[in-house]
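Trainee: File name data-v3.pdb; file contents PDB, C-alpha atoms, pLDDT in the B column; full text below.
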ATOM      1  CA  SER Q   1       2.634   0.287 -23.774  1.00 70.00           C
ATOM      2  CA  ASN Q   2       1.465  -3.282 -23.231  1.00 82.00           C
ATOM      3  CA  ASP Q   3       0.213  -5.791 -25.826  1.00 91.00           C
ATOM      4  CA  ILE Q   4      -2.358  -8.268 -24.504  1.00 94.00           C
ATOM      5  CA  ILE Q   5      -1.755 -11.875 -25.569  1.00 94.00           C
ATOM      6  CA  ASN Q   6      -4.672 -14.309 -25.197  1.00 96.00           C
ATOM      7  CA  VAL Q   7      -2.813 -17.422 -24.055  1.00 95.00           C
ATOM      8  CA  GLU Q   8      -5.657 -19.838 -24.778  1.00 94.00           C
ATOM      9  CA  LYS Q   9      -6.153 -18.656 -28.375  1.00 93.00           C
ATOM     10  CA  VAL Q  10      -2.429 -18.588 -29.142  1.00 92.00           C
ATOM     11  CA  ASN Q  11      -2.086 -22.057 -27.634  1.00 92.00           C
ATOM     12  CA  ASP Q  12      -4.709 -23.425 -30.045  1.00 91.00           C
ATOM     13  CA  ILE Q  13      -2.669 -22.131 -32.984  1.00 90.00           C
ATOM     14  CA  ILE Q  14       0.754 -23.121 -31.676  1.00 87.00           C
ATOM     15  CA  SER Q  15      -0.273 -26.684 -30.837  1.00 82.00           C
ATOM     16  CA  GLN Q  16      -0.813 -27.407 -34.550  1.00 78.00           C
ATOM     17  CA  ASP Q  17       2.777 -27.012 -35.752  1.00 82.00           C
ATOM     18  CA  ASP Q  18       6.239 -26.513 -34.183  1.00 82.00           C
ATOM     19  CA  ASP Q  19       7.307 -24.131 -36.943  1.00 86.00           C
ATOM     20  CA  ILE Q  20       4.273 -21.965 -36.316  1.00 89.00           C
ATOM     21  CA  ARG Q  21       5.121 -22.077 -32.617  1.00 89.00           C
ATOM     22  CA  ASP Q  22       8.654 -20.792 -33.154  1.00 91.00           C
ATOM     23  CA  THR Q  23       7.503 -18.090 -35.574  1.00 91.00           C
ATOM     24  CA  ILE Q  24       4.851 -16.755 -33.199  1.00 91.00           C
ATOM     25  CA  ILE Q  25       7.177 -16.739 -30.193  1.00 91.00           C
ATOM     26  CA  GLN Q  26       9.855 -14.948 -32.205  1.00 92.00           C
ATOM     27  CA  ALA Q  27       7.346 -12.345 -33.412  1.00 90.00           C
ATOM     28  CA  ILE Q  28       6.136 -11.713 -29.860  1.00 89.00           C
ATOM     29  CA  ASN Q  29       9.681 -11.405 -28.504  1.00 90.00           C
ATOM     30  CA  GLU Q  30      10.705  -8.993 -31.254  1.00 89.00           C
ATOM     31  CA  SER Q  31       7.869  -6.633 -30.448  1.00 84.00           C
ATOM     32  CA  ASN Q  32       8.955  -3.348 -28.895  1.00 78.00           C
ATOM     33  CA  ASN Q  33       6.040  -3.463 -26.493  1.00 85.00           C
ATOM     34  CA  ARG Q  34       5.900  -5.315 -23.222  1.00 91.00           C
ATOM     35  CA  ILE Q  35       3.187  -7.962 -23.055  1.00 94.00           C
ATOM     36  CA  VAL Q  36       0.415  -8.901 -20.672  1.00 96.00           C
ATOM     37  CA  LEU Q  37      -0.792 -12.508 -20.741  1.00 96.00           C
ATOM     38  CA  LEU Q  38      -4.561 -13.005 -20.648  1.00 97.00           C
ATOM     39  CA  CYS Q  39      -5.519 -16.322 -19.030  1.00 96.00           C
ATOM     40  CA  ASN Q  40      -9.228 -17.180 -19.111  1.00 95.00           C
ATOM     41  CA  GLY Q  41     -10.040 -20.263 -17.058  1.00 88.00           C
ATOM     42  CA  LEU Q  42      -6.582 -21.823 -17.413  1.00 91.00           C
ATOM     43  CA  THR Q  43      -5.346 -24.094 -14.621  1.00 91.00           C
ATOM     44  CA  VAL Q  44      -1.698 -24.064 -15.785  1.00 93.00           C
ATOM     45  CA  LEU Q  45       0.387 -22.025 -18.198  1.00 94.00           C
ATOM     46  CA  PRO Q  46       1.419 -23.802 -21.424  1.00 93.00           C
ATOM     47  CA  SER Q  47       5.145 -24.556 -21.459  1.00 92.00           C
ATOM     48  CA  TRP Q  48       5.793 -22.316 -24.492  1.00 93.00           C
ATOM     49  CA  THR Q  49       5.043 -19.217 -22.416  1.00 94.00           C
ATOM     50  CA  GLU Q  50       8.385 -19.703 -20.637  1.00 93.00           C
ATOM     51  CA  SER Q  51      10.083 -18.724 -23.919  1.00 93.00           C
ATOM     52  CA  LEU Q  52       8.444 -15.309 -23.880  1.00 93.00           C
ATOM     53  CA  GLU Q  53      10.475 -12.239 -23.079  1.00 91.00           C
ATOM     54  CA  ASN Q  54       9.245  -8.857 -21.819  1.00 92.00           C
ATOM     55  CA  VAL Q  55       6.209 -10.269 -20.004  1.00 95.00           C
ATOM     56  CA  ASN Q  56       5.013  -7.335 -17.919  1.00 96.00           C
ATOM     57  CA  GLY Q  57       1.875  -8.759 -16.336  1.00 97.00           C
ATOM     58  CA  PHE Q  58      -1.141 -11.048 -16.224  1.00 97.00           C
ATOM     59  CA  ILE Q  59      -4.884 -10.746 -16.539  1.00 97.00           C
ATOM     60  CA  ILE Q  60      -6.432 -13.770 -14.829  1.00 96.00           C
ATOM     61  CA  LEU Q  61     -10.124 -14.414 -15.501  1.00 95.00           C
ATOM     62  CA  ASN Q  62     -12.460 -16.785 -13.644  1.00 91.00           C
ATOM     63  CA  THR Q  63      -9.946 -19.311 -12.290  1.00 84.00           C
ATOM     64  CA  LEU Q  64      -7.011 -18.939  -9.919  1.00 86.00           C
ATOM     65  CA  ASN Q  65      -5.440 -22.093  -8.536  1.00 85.00           C
ATOM     66  CA  THR Q  66      -2.096 -23.088  -7.080  1.00 84.00           C
ATOM     67  CA  GLY Q  67      -0.770 -24.613 -10.302  1.00 88.00           C
ATOM     68  CA  LEU Q  68      -1.409 -21.531 -12.396  1.00 92.00           C
ATOM     69  CA  PHE Q  69       0.003 -19.199  -9.781  1.00 91.00           C
ATOM     70  CA  GLU Q  70       3.169 -21.255  -9.398  1.00 92.00           C
ATOM     71  CA  ASN Q  71       3.657 -21.103 -13.182  1.00 94.00           C
ATOM     72  CA  MET Q  72       3.269 -17.323 -13.048  1.00 95.00           C
ATOM     73  CA  LEU Q  73       6.167 -17.045 -10.607  1.00 94.00           C
ATOM     74  CA  HIS Q  74       8.478 -17.772 -13.541  1.00 94.00           C
ATOM     75  CA  PHE Q  75       7.768 -14.148 -14.478  1.00 96.00           C
ATOM     76  CA  SER Q  76       8.740 -12.612 -11.144  1.00 94.00           C
ATOM     77  CA  ASN Q  77       9.505  -9.201 -12.683  1.00 95.00           C
ATOM     78  CA  ILE Q  78       5.953  -8.390 -13.767  1.00 97.00           C
ATOM     79  CA  GLN Q  79       4.615  -4.950 -12.897  1.00 97.00           C
ATOM     80  CA  VAL Q  80       0.853  -5.419 -13.323  1.00 98.00           C
ATOM     81  CA  LEU Q  81      -1.499  -8.142 -12.103  1.00 97.00           C
ATOM     82  CA  TYR Q  82      -5.270  -8.227 -12.608  1.00 97.00           C
ATOM     83  CA  LEU Q  83      -7.433 -10.918 -11.003  1.00 96.00           C
ATOM     84  CA  LEU Q  84     -10.950 -10.514 -12.393  1.00 96.00           C
ATOM     85  CA  LYS Q  85     -14.070 -12.510 -11.534  1.00 95.00           C
ATOM     86  CA  VAL Q  86     -12.001 -15.225  -9.906  1.00 93.00           C
ATOM     87  CA  LYS Q  87     -13.153 -17.657  -7.241  1.00 91.00           C
ATOM     88  CA  THR Q  88     -10.393 -18.936  -5.028  1.00 90.00           C
ATOM     89  CA  LYS Q  89      -9.786 -20.124  -1.490  1.00 90.00           C
ATOM     90  CA  ALA Q  90      -7.103 -17.515  -0.883  1.00 90.00           C
ATOM     91  CA  ILE Q  91      -4.697 -15.167  -2.592  1.00 91.00           C
ATOM     92  CA  PRO Q  92      -1.441 -17.178  -2.440  1.00 91.00           C
ATOM     93  CA  SER Q  93       1.169 -15.823  -0.033  1.00 92.00           C
ATOM     94  CA  SER Q  94       3.707 -16.339  -2.816  1.00 93.00           C
ATOM     95  CA  ILE Q  95       2.361 -13.137  -4.346  1.00 95.00           C
ATOM     96  CA  LYS Q  96       5.208 -11.539  -2.404  1.00 95.00           C
ATOM     97  CA  GLU Q  97       7.614 -12.886  -5.045  1.00 96.00           C
ATOM     98  CA  PHE Q  98       6.431 -10.248  -7.496  1.00 97.00           C
ATOM     99  CA  LYS Q  99       8.828  -7.710  -6.027  1.00 96.00           C
ATOM    100  CA  LYS Q 100       8.460  -5.214  -8.884  1.00 97.00           C
ATOM    101  CA  LEU Q 101       4.668  -5.202  -8.956  1.00 98.00           C
ATOM    102  CA  LYS Q 102       3.272  -1.664  -9.286  1.00 98.00           C
ATOM    103  CA  THR Q 103      -0.411  -2.347  -9.960  1.00 98.00           C
ATOM    104  CA  LEU Q 104      -2.555  -5.012  -8.304  1.00 98.00           C
ATOM    105  CA  GLU Q 105      -6.268  -5.252  -8.998  1.00 97.00           C
ATOM    106  CA  ILE Q 106      -8.574  -7.918  -7.581  1.00 96.00           C
ATOM    107  CA  CYS Q 107     -12.088  -7.138  -8.782  1.00 97.00           C
ATOM    108  CA  ASP Q 108     -15.526  -8.786  -8.789  1.00 96.00           C
ATOM    109  CA  SER Q 109     -13.988 -11.819  -7.116  1.00 95.00           C
ATOM    110  CA  GLU Q 110     -14.847 -14.243  -4.312  1.00 94.00           C
ATOM    111  CA  ILE Q 111     -12.130 -15.182  -1.849  1.00 94.00           C
ATOM    112  CA  GLN Q 112     -13.133 -17.848   0.625  1.00 92.00           C
ATOM    113  CA  ASP Q 113     -10.970 -16.651   3.520  1.00 90.00           C
ATOM    114  CA  LYS Q 114     -12.270 -13.071   3.006  1.00 91.00           C
ATOM    115  CA  SER Q 115      -8.862 -11.483   3.504  1.00 90.00           C
ATOM    116  CA  ILE Q 116      -5.549 -10.680   1.865  1.00 91.00           C
ATOM    117  CA  SER Q 117      -2.325 -12.296   3.018  1.00 89.00           C
ATOM    118  CA  ASP Q 118       0.130 -10.264   5.110  1.00 93.00           C
ATOM    119  CA  SER Q 119       2.668 -11.053   2.399  1.00 95.00           C
ATOM    120  CA  ILE Q 120       1.181  -8.204   0.383  1.00 95.00           C
ATOM    121  CA  GLY Q 121       3.257  -5.958   2.614  1.00 95.00           C
ATOM    122  CA  GLU Q 122       6.363  -7.172   0.798  1.00 96.00           C
ATOM    123  CA  LEU Q 123       5.226  -5.617  -2.488  1.00 97.00           C
ATOM    124  CA  GLU Q 124       7.166  -2.481  -1.661  1.00 95.00           C
ATOM    125  CA  GLU Q 125       7.030  -1.075  -5.220  1.00 98.00           C
ATOM    126  CA  LEU Q 126       3.220  -1.195  -5.321  1.00 98.00           C
ATOM    127  CA  GLN Q 127       1.632   2.110  -6.364  1.00 98.00           C
ATOM    128  CA  SER Q 128      -1.985   1.134  -6.989  1.00 98.00           C
ATOM    129  CA  LEU Q 129      -4.106  -1.404  -5.077  1.00 98.00           C
ATOM    130  CA  LYS Q 130      -7.697  -2.005  -6.152  1.00 98.00           C
ATOM    131  CA  LEU Q 131      -9.940  -4.514  -4.379  1.00 97.00           C
ATOM    132  CA  VAL Q 132     -13.330  -3.581  -5.823  1.00 97.00           C
ATOM    133  CA  GLY Q 133     -16.405  -5.789  -5.728  1.00 96.00           C
ATOM    134  CA  THR Q 134     -14.910  -8.508  -3.544  1.00 96.00           C
ATOM    135  CA  ASN Q 135     -16.036 -10.147  -0.311  1.00 95.00           C
ATOM    136  CA  ILE Q 136     -12.848  -9.130   1.515  1.00 95.00           C
ATOM    137  CA  GLU Q 137     -13.621  -8.062   5.094  1.00 95.00           C
ATOM    138  CA  TYR Q 138     -10.187  -7.095   6.391  1.00 91.00           C
ATOM    139  CA  LEU Q 139      -7.014  -5.451   5.180  1.00 94.00           C
ATOM    140  CA  PRO Q 140      -3.818  -6.821   6.734  1.00 94.00           C
ATOM    141  CA  ASN Q 141      -1.821  -4.624   9.096  1.00 94.00           C
ATOM    142  CA  ALA Q 142       1.165  -5.251   6.835  1.00 96.00           C
ATOM    143  CA  ILE Q 143      -0.411  -2.879   4.319  1.00 96.00           C
ATOM    144  CA  ASN Q 144       1.402  -0.056   6.141  1.00 95.00           C
ATOM    145  CA  ARG Q 145       4.635  -1.232   4.494  1.00 96.00           C
ATOM    146  CA  LEU Q 146       3.367  -0.134   1.088  1.00 97.00           C
ATOM    147  CA  THR Q 147       4.941   3.292   1.422  1.00 96.00           C
ATOM    148  CA  LYS Q 148       4.950   3.910  -2.365  1.00 98.00           C
ATOM    149  CA  LEU Q 149       1.206   3.302  -2.629  1.00 98.00           C
ATOM    150  CA  GLU Q 150      -0.570   6.238  -4.256  1.00 98.00           C
ATOM    151  CA  SER Q 151      -4.067   4.817  -4.770  1.00 98.00           C
ATOM    152  CA  LEU Q 152      -6.128   2.476  -2.575  1.00 98.00           C
ATOM    153  CA  ASN Q 153      -9.627   1.509  -3.699  1.00 98.00           C
ATOM    154  CA  ILE Q 154     -11.669  -0.894  -1.582  1.00 98.00           C
ATOM    155  CA  SER Q 155     -15.104   0.281  -2.723  1.00 97.00           C
ATOM    156  CA  ASN Q 156     -18.020  -2.151  -2.916  1.00 97.00           C
ATOM    157  CA  THR Q 157     -16.375  -4.676  -0.612  1.00 96.00           C
ATOM    158  CA  SER Q 158     -17.277  -6.204   2.759  1.00 94.00           C
ATOM    159  CA  VAL Q 159     -14.468  -4.370   4.574  1.00 96.00           C
ATOM    160  CA  ILE Q 160     -15.627  -3.343   8.048  1.00 94.00           C
ATOM    161  CA  SER Q 161     -12.632  -1.308   9.224  1.00 94.00           C
ATOM    162  CA  LEU Q 162      -9.358   0.236   8.117  1.00 95.00           C
ATOM    163  CA  PRO Q 163      -6.112  -0.825   9.813  1.00 95.00           C
ATOM    164  CA  ASP Q 164      -5.050   1.506  12.627  1.00 94.00           C
ATOM    165  CA  ASN Q 165      -1.752   2.067  10.828  1.00 95.00           C
ATOM    166  CA  ILE Q 166      -3.346   3.296   7.568  1.00 95.00           C
ATOM    167  CA  GLY Q 167      -1.642   6.631   8.203  1.00 94.00           C
ATOM    168  CA  ASP Q 168       1.740   5.073   7.423  1.00 96.00           C
ATOM    169  CA  LEU Q 169       0.882   5.145   3.706  1.00 97.00           C
ATOM    170  CA  CYS Q 170       2.857   8.342   3.353  1.00 95.00           C
ATOM    171  CA  ASN Q 171       2.435   8.723  -0.425  1.00 97.00           C
ATOM    172  CA  LEU Q 172      -1.285   7.935  -0.650  1.00 97.00           C
ATOM    173  CA  LYS Q 173      -3.103  10.403  -2.907  1.00 96.00           C
ATOM    174  CA  THR Q 174      -6.436   8.661  -3.527  1.00 97.00           C
ATOM    175  CA  LEU Q 175      -8.504   6.651  -1.044  1.00 96.00           C
ATOM    176  CA  ASP Q 176     -11.893   5.168  -1.942  1.00 97.00           C
ATOM    177  CA  ILE Q 177     -13.861   3.372   0.781  1.00 96.00           C
ATOM    178  CA  SER Q 178     -17.322   3.886  -0.754  1.00 96.00           C
ATOM    179  CA  ASP Q 179     -20.011   1.217  -0.353  1.00 96.00           C
ATOM    180  CA  THR Q 180     -18.216  -0.667   2.422  1.00 96.00           C
ATOM    181  CA  SER Q 181     -19.298  -1.493   5.985  1.00 94.00           C
ATOM    182  CA  ILE Q 182     -16.848   0.979   7.536  1.00 94.00           C
ATOM    183  CA  THR Q 183     -18.421   3.142  10.262  1.00 91.00           C
ATOM    184  CA  GLU Q 184     -15.312   4.547  11.958  1.00 91.00           C
ATOM    185  CA  LEU Q 185     -12.029   5.940  10.685  1.00 91.00           C
ATOM    186  CA  PRO Q 186      -8.780   5.469  12.623  1.00 92.00           C
ATOM    187  CA  ASN Q 187      -7.120   8.609  13.959  1.00 90.00           C
ATOM    188  CA  SER Q 188      -3.981   7.832  11.970  1.00 92.00           C
ATOM    189  CA  ILE Q 189      -5.803   8.754   8.758  1.00 91.00           C
ATOM    190  CA  ASN Q 190      -4.970  12.340   9.710  1.00 88.00           C
ATOM    191  CA  LYS Q 191      -1.333  11.539   8.882  1.00 90.00           C
ATOM    192  CA  LEU Q 192      -2.108  11.148   5.174  1.00 92.00           C
ATOM    193  CA  ASP Q 193      -0.722  14.570   4.319  1.00 89.00           C
ATOM    194  CA  LYS Q 194      -0.510  13.860   0.551  1.00 92.00           C
ATOM    195  CA  LEU Q 195      -4.128  12.722   0.221  1.00 92.00           C
ATOM    196  CA  GLU Q 196      -5.876  14.573  -2.621  1.00 92.00           C
ATOM    197  CA  HIS Q 197      -9.084  12.592  -3.235  1.00 93.00           C
ATOM    198  CA  PHE Q 198     -11.186  10.867  -0.551  1.00 92.00           C
ATOM    199  CA  TYR Q 199     -14.333   8.952  -1.553  1.00 93.00           C
ATOM    200  CA  LEU Q 200     -16.960   8.071   1.066  1.00 91.00           C
ATOM    201  CA  TYR Q 201     -20.109   7.448  -0.954  1.00 92.00           C
ATOM    202  CA  ASN Q 202     -22.953   5.507   0.673  1.00 92.00           C
ATOM    203  CA  LEU Q 203     -21.348   5.369   4.114  1.00 88.00           C
ATOM    204  CA  THR Q 204     -22.463   6.379   7.586  1.00 83.00           C
ATOM    205  CA  ILE Q 205     -19.324   7.288   9.494  1.00 84.00           C
ATOM    206  CA  ARG Q 206     -20.123   7.509  13.209  1.00 83.00           C
ATOM    207  CA  LYS Q 207     -16.595   8.480  14.199  1.00 77.00           C
ATOM    208  CA  MET Q 208     -14.701  10.946  12.023  1.00 76.00           C
ATOM    209  CA  PRO Q 209     -11.273  12.090  13.259  1.00 74.00           C
ATOM    210  CA  TRP Q 210     -10.121  15.675  12.904  1.00 66.00           C
ATOM    211  CA  PHE Q 211      -8.233  16.251   9.662  1.00 69.00           C
ATOM    212  CA  ASN Q 212      -5.623  18.651  11.026  1.00 66.00           C
ATOM    213  CA  ASN Q 213      -2.616  17.546   8.971  1.00 63.00           C
ATOM    214  CA  CYS Q 214      -4.189  16.556   5.651  1.00 65.00           C
ATOM    215  CA  LYS Q 215      -3.457  18.506   2.512  1.00 62.00           C
ATOM    216  CA  LYS Q 216      -5.271  21.800   2.015  1.00 66.00           C
ATOM    217  CA  GLY Q 217      -7.789  21.518  -0.792  1.00 66.00           C
ATOM    218  CA  LEU Q 218      -8.470  17.820  -0.167  1.00 77.00           C
ATOM    219  CA  ASP Q 219     -11.377  16.752  -2.396  1.00 83.00           C
ATOM    220  CA  VAL Q 220     -13.949  14.818  -0.385  1.00 81.00           C
ATOM    221  CA  PHE Q 221     -16.766  13.030  -2.194  1.00 81.00           C
ATOM    222  CA  SER Q 222     -19.662  11.804  -0.064  1.00 82.00           C
ATOM    223  CA  THR Q 223     -23.434  11.417  -0.012  1.00 76.00           C
ATOM    224  CA  ASN Q 224     -23.387  12.673   3.613  1.00 68.00           C
ATOM    225  CA  PHE Q 225     -20.912  15.490   3.132  1.00 56.00           C
ATOM    226  CA  ASP Q 226     -22.633  18.022   5.449  1.00 57.00           C
ATOM    227  CA  ARG Q 227     -22.281  15.626   8.380  1.00 58.00           C
ATOM    228  CA  TYR Q 228     -18.503  15.568   8.043  1.00 55.00           C
ATOM    229  CA  ILE Q 229     -17.810  19.301   7.592  1.00 51.00           C
ATOM    230  CA  PRO Q 230     -16.738  19.940  11.237  1.00 46.00           C
ATOM    231  CA  SER Q 231     -13.998  17.312  11.008  1.00 53.00           C
ATOM    232  CA  LEU Q 232     -12.872  18.438   7.570  1.00 54.00           C
ATOM    233  CA  ILE Q 233     -12.959  22.204   8.049  1.00 47.00           C
ATOM    234  CA  ASN Q 234      -9.161  22.413   8.213  1.00 52.00           C
ATOM    235  CA  VAL Q 235      -8.697  21.113   4.662  1.00 51.00           C
ATOM    236  CA  PHE Q 236     -10.899  23.691   2.955  1.00 45.00           C
TER     237      PHE Q 236
END
Can the structure in the file be given as structure tokens, please?

Mentor:
Amino acid sequence: SNDIINVEKVNDIISQDDDIRDTIIQAINESNNRIVLLCNGLTVLPSWTESLENVNGFIILNTLNTGLFENMLHFSNIQVLYLLKVKTKAIPSSIKEFKKLKTLEICDSEIQDKSISDSIGELEELQSLKLVGTNIEYLPNAINRLTKLESLNISNTSVISLPDNIGDLCNLKTLDISDTSITELPNSINKLDKLEHFYLYNLTIRKMPWFNNCKKGLDVFSTNFDRYIPSLINVF
């Protein structure tokens, strides 16, 4: 399991006394649990965080800038990264340095360039990608390299289309495109033969490909389900 460490609160305590600093760092490092660092509005990481062992991830609230992200790269082996309610010009391309990342969530956030860098395709260990409540309009074509991805959730975003190569996500089990601006699905979606749960709430899909190869018993959740039955008949 993961212990969440509030960096700002710990920093207030540590800054008072060096002995307290060493004691707290030692106690954190001797914990059997891996830790996730919670950063609320920080622009840089305090230097004492570099002494921490077993850092497994970050929760970043409200602020994401270049300085903070560069500090985070010191912990290149993290497995989870949550960016929540952040406003930023772009998701840094250096995100690719987190080679062991398994979970990436960017939620309720505003990204000025309205996209995700192609470098996300280098996160080859990624299993869960959640981009909920953002203004992202496009997914990069490089997403097809995420062959270990099991869950993709882009609900409540400004996404207008799925990449044509979405079918290359050979281990995808859950796909949620609810409350987006998507009106057509690429034919390659039929290649998702491990898909178990497909969410299409509050969508009007004008072009639905035939689901000939998808897994039998695929659960489809939609407010317009009757409209899609002809295309989905083969999965019932």

Trainee: Run the PyMOL selection byres ((chain Q and resi 76) around 12) against the file shown and list the residues it catches, as a list in words.

Mentor: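 When the PyMOL selection byres ((chain Q and resi 76) around 12) is applied to the shown file, the picked residues are Glu50, Asn54, Val55, Asn56, Gly57, Phe58, Phe69, Glu70, Asn71, Met72, Leu73, His74, Phe75, Asn77, Ile78, Gln79, Val80, Leu81, Ser94, Ile95, Lys96, Glu97, Phe98, Lys99, Lys100, Leu101 and Leu123 of chain Q.
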
Trainee: Quick one: residues within 9 Å of (-13.6, -20.4, -4.5) (file frame), counting only C-alpha atoms, please, as an mmCIF file with C-alpha atoms, in the coordinates of the input.

Mentor:
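Contents of the output file part_30.cif:
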data_model
loop_
_atom_site.group_PDB
_atom_site.id
_atom_site.type_symbol
_atom_site.label_atom_id
_atom_site.label_comp_id
_atom_site.auth_asym_id
_atom_site.auth_seq_id
_atom_site.Cartn_x
_atom_site.Cartn_y
_atom_site.Cartn_z
ATOM 1 C CA THR Q 63 -9.946 -19.311 -12.290
ATOM 2 C CA LEU Q 64 -7.011 -18.939 -9.919
ATOM 3 C CA VAL Q 86 -12.001 -15.225 -9.906
ATOM 4 C CA LYS Q 87 -13.153 -17.657 -7.241
ATOM 5 C CA THR Q 88 -10.393 -18.936 -5.028
ATOM 6 C CA LYS Q 89 -9.786 -20.124 -1.490
ATOM 7 C CA ALA Q 90 -7.103 -17.515 -0.883
ATOM 8 C CA SER Q 109 -13.988 -11.819 -7.116
ATOM 9 C CA GLU Q 110 -14.847 -14.243 -4.312
ATOM 10 C CA ILE Q 111 -12.130 -15.182 -1.849
ATOM 11 C CA GLN Q 112 -13.133 -17.848 0.625
#

Trainee: On this structure, the PyMOL selection byres ((chain Q and resi 134) around 7) would catch which residues? List them as a list of chain:residue names, sorted by chain and number.

Mentor: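 On the file shown, the PyMOL selection byres ((chain Q and resi 134) around 7) covers Q:Cys107, Q:Asp108, Q:Ser109, Q:Glu110, Q:Leu131, Q:Val132, Q:Gly133, Q:Asn135, Q:Ile136, Q:Thr157.
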
Trainee: If I wrap all listed atoms of range 79-90 of chain Q in a box with edges along x, y and z and add 8 Å on each side, what are its centre and edge lengths in Å to one decimal, as JSON?

Mentor:
{"center_x": -4.7, "center_y": -12.5, "center_z": -7.1, "size_x": 34.7, "size_y": 31.2, "size_z": 28.4}

Trainee: One decimal, Å: what's the distance from CA of Asp22 in chain Q over to CA of Ser1 in chain Q, could you say?

Mentor: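 Interatomic distance, CA of Asp22 in chain Q to CA of Ser1 in chain Q: 23.8 Å.
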
Trainee: Enter the distance from CA of Asn165 in chain Q to CA of Thr147 in chain Q, in Å, rounded to one decimal.

Mentor: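 Computing the Euclidean distance for CA of Asn165 in chain Q and CA of Thr147 in chain Q yields 11.6 Å.
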
Trainee: Grab the CA of Thr204 in chain Q to CA of Tyr138 in chain Q distance for me, in Å with one decimal place.

Mentor: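 One can read the CA of Thr204 in chain Q to CA of Tyr138 in chain Q distance as 18.3 Å.
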
Trainee: Using all atoms listed in the file, which of the listed residues (Q:Ala142, Q:Leu200, Q:Ile205, Q:Val159) sits closest to Thr183 in chain Q?

Mentor: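 So, comparing all the options, the nearest one is Q:Ile205.
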
Trainee: Assuming the chain letters and numbering stay as they are in my file, what does the PyMOL selection byres ((chain Q and resi 185) around 10) actually select? List them as a list in words.

Mentor: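 Answer for the PyMOL selection byres ((chain Q and resi 185) around 10): Ser161, Leu162, Pro163, Asp164, Ile166, Ile182, Thr183, Glu184, Pro186, Asn187, Ser188, Ile189, Asn190, Ile205, Arg206, Lys207, Met208 and Pro209 of chain Q.
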
Trainee: From (-2.5, 6.8, 2.5), in the file's coordinates, out to 6 Å: which residues are reached, counting only C-alpha atoms? Answer as a PDB file with C-alpha atoms, in the frame of the given file.

Mentor:
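Okay, this is what ended up in point_9.pdb:
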ATOM      1  CA  GLY Q 167      -1.642   6.631   8.203  1.00 94.00           C
ATOM      2  CA  LEU Q 169       0.882   5.145   3.706  1.00 97.00           C
ATOM      3  CA  CYS Q 170       2.857   8.342   3.353  1.00 95.00           C
ATOM      4  CA  LEU Q 172      -1.285   7.935  -0.650  1.00 97.00           C
ATOM      5  CA  LEU Q 192      -2.108  11.148   5.174  1.00 92.00           C
TER       6      LEU Q 192
END
